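Asker: The structure's right below; bear with me while I get my questions together.
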Amino acid sequence: MNRTVRLCLVLTGLIVAALALAVLAGETAFSVDQYAAAFGDPTSGPAEVLWQVRAPRAVCALVVGAALGLAGAVMQGLLRNPLADPGVLGVSATAALGAALAIVLGAAAVPGLVELSALAGAALAGGLLIAASRAMRAPEALILFGVALSSFAGAATALIFNLSPSPIASAEVMSWLLGSVQNRSWVDVAWVTPAVIVAAVFAALSGSGLRMLTLGDEGAATSGLNMGRIRLFALIAAAVATGAAVAVAGVIGFVGLAAPHLVRAAVRSDAKRILAPSALAGGLMLIVADLLARLTPTDQELKLGVFTALIGAPLFALIAWRAAREWRL
């Protein structure tokens with residue numbers, strides 16, 4: 001059994017334990033009798049809380065975290081940049097723009113329309129990035145294009161927020177931008193999971209090429225692989241995974257950045273082997289983060305995006321500091 005398989009098994013065990021804890025623990029304390037009722041009578045009140053409120057929320061956090069972790073690993077491999085994350089190419093910001101526009105236009109009254117608008121925004125960003133990647137082979141150029149796209153989408157979202165005629169719509173946009181899996185149902189899990197599976201398939205198809213890219217463009221070109229197709233598959237994987245995550249949970253930062261770094265040493269920085277562990281690590285991170293956000297004693301529940309940013313920002317600074325030391329060497 002190789003190191004990657006062992007790591008995946010360990011992460012899977014931790015995920016199972018985290019899911020169980022997320023379902024059993026919550027802001028409402030249950031007695032032993034209530035837990036017995038929840039497991040013995042599916043129509044009881046405690047069963048409703050455990051299996052229709054906490055369980056889908058925890059599974060949704062798992063799927064969203066896995067999507068972000070996978071997208072982060074793909075982006076870091078494609079751009080050969082340890083500081084890359086799903087938001088670096090503007091997919092998150094463009095998906096958020098689509099959701100914000102739909103909310104302000106009143107689409108929130110139609111179930112699923114806001115989510116579809118977010119996916120449409122992510123698809124638009126993915127299409128622009130695919131077109132740009134054919135003209136910009138250098139990773140630095142693609143990063144600059146992504147930063148420009150992200151800045152424009154962020155500015156457009158701020159403009160929509162500023163011009164919104166309804167304070168209710170403005171509050172909904174702000175809530176979306178802060179990120180959360182609160183009040184998510186099994187329906188949300190059912191439609192986001194296939195999108196993440198599609199992203200995982202494209203990521204797997206690009207894995208060998210991402211590994212070769214660590215040798216540089218010239219080394220990858222001599223491998224015999226179709227690197228244009230590899231870049232296309234990688235961008236599709238990152239766009240679909242990020243778009244699905246934003247569509248169901250809003251903007252949640254730093255998970256895609258941190259998850260690959262948590263497992264990088266265990267897979268010896270192999271850009272192909274890191275994909276599955278990164279997805280599992282991202283899912284584990286978001287389950288734990290959501291549980292902590294729920295259990296933090298505040299008058300109003302902390303938004304998941306805020307909680308991950310509070311933890312992720314110092315981690316980002318640490319990674320940047322370590323990278324800067326390596327560059328000086």
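Letters for chains follow the order of the structure tokens (A, B, ...), residue numbers begin at 1 for each chain, and ligand numbers begin at 1 in the order shown.
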Report the closest atom pair, with its distance in Å rounded to one decimal, for each residue of segment 155-212 of chain A that has an atom no farther than 8 Å from segment 33-54 of chain A; count only C-alpha atoms, sort by chain and then rising residue number, and write it as CSV.
Answerer:
```
residue,atom,partner,partner_atom,distance
A:Asn183,CA,A:Val53,CA,6.9
A:Arg184,CA,A:Val53,CA,7.6
A:Ser185,CA,A:Gln52,CA,6.9
A:Trp186,CA,A:Gln52,CA,7.6
```
Asker: Show which residues sit within 8 Å of Ala309 of chain A, as JSON, numbers by chain. Count only C-alpha atoms, and ignore same-chain residues fewer than 6 positions away.
Answerer: {"A": [252, 253, 254]}
Asker: For the atom pair atom CA of Ser208 of chain A and atom CA of Lys272 of chain A, what is the interatomic distance in Å to one decimal place?
Answerer: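 Spanning atom CA of Ser208 of chain A to atom CA of Lys272 of chain A is a straight-line distance of 6.1 Å.
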Asker: Would you kindly return, as a ChimeraX atom specification, each protein, DNA or RNA residue with an atom no farther than 7 Å from any atom of Leu119 of chain A, considering only C-alpha atoms and excluding same-chain residues fewer than 2 positions away?
Answerer: /A:95,115-117,121-123,243-244,247
Asker: Quick one: everything within 8 Å of Ile103 of chain A, counting only C-alpha atoms, minus sequence neighbours fewer than 5 positions away in the same chain. Send it as a ChimeraX atom specification.
Answerer: /A:108,114,169,172-173
Asker: Can you work out the spacing between atom CA of Ala199 of chain A and atom CA of Ala241 of chain A in Å, to one decimal?
Answerer: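 For atom CA of Ala199 of chain A relative to atom CA of Ala241 of chain A, the distance reads 5.4 Å.
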Asker: Taking only C-alpha atoms into account, which of A:Gly228, A:Gly250, A:Pro167, A:Gly207 comes nearest Ala118 of chain A?
Answerer: A:Gly250
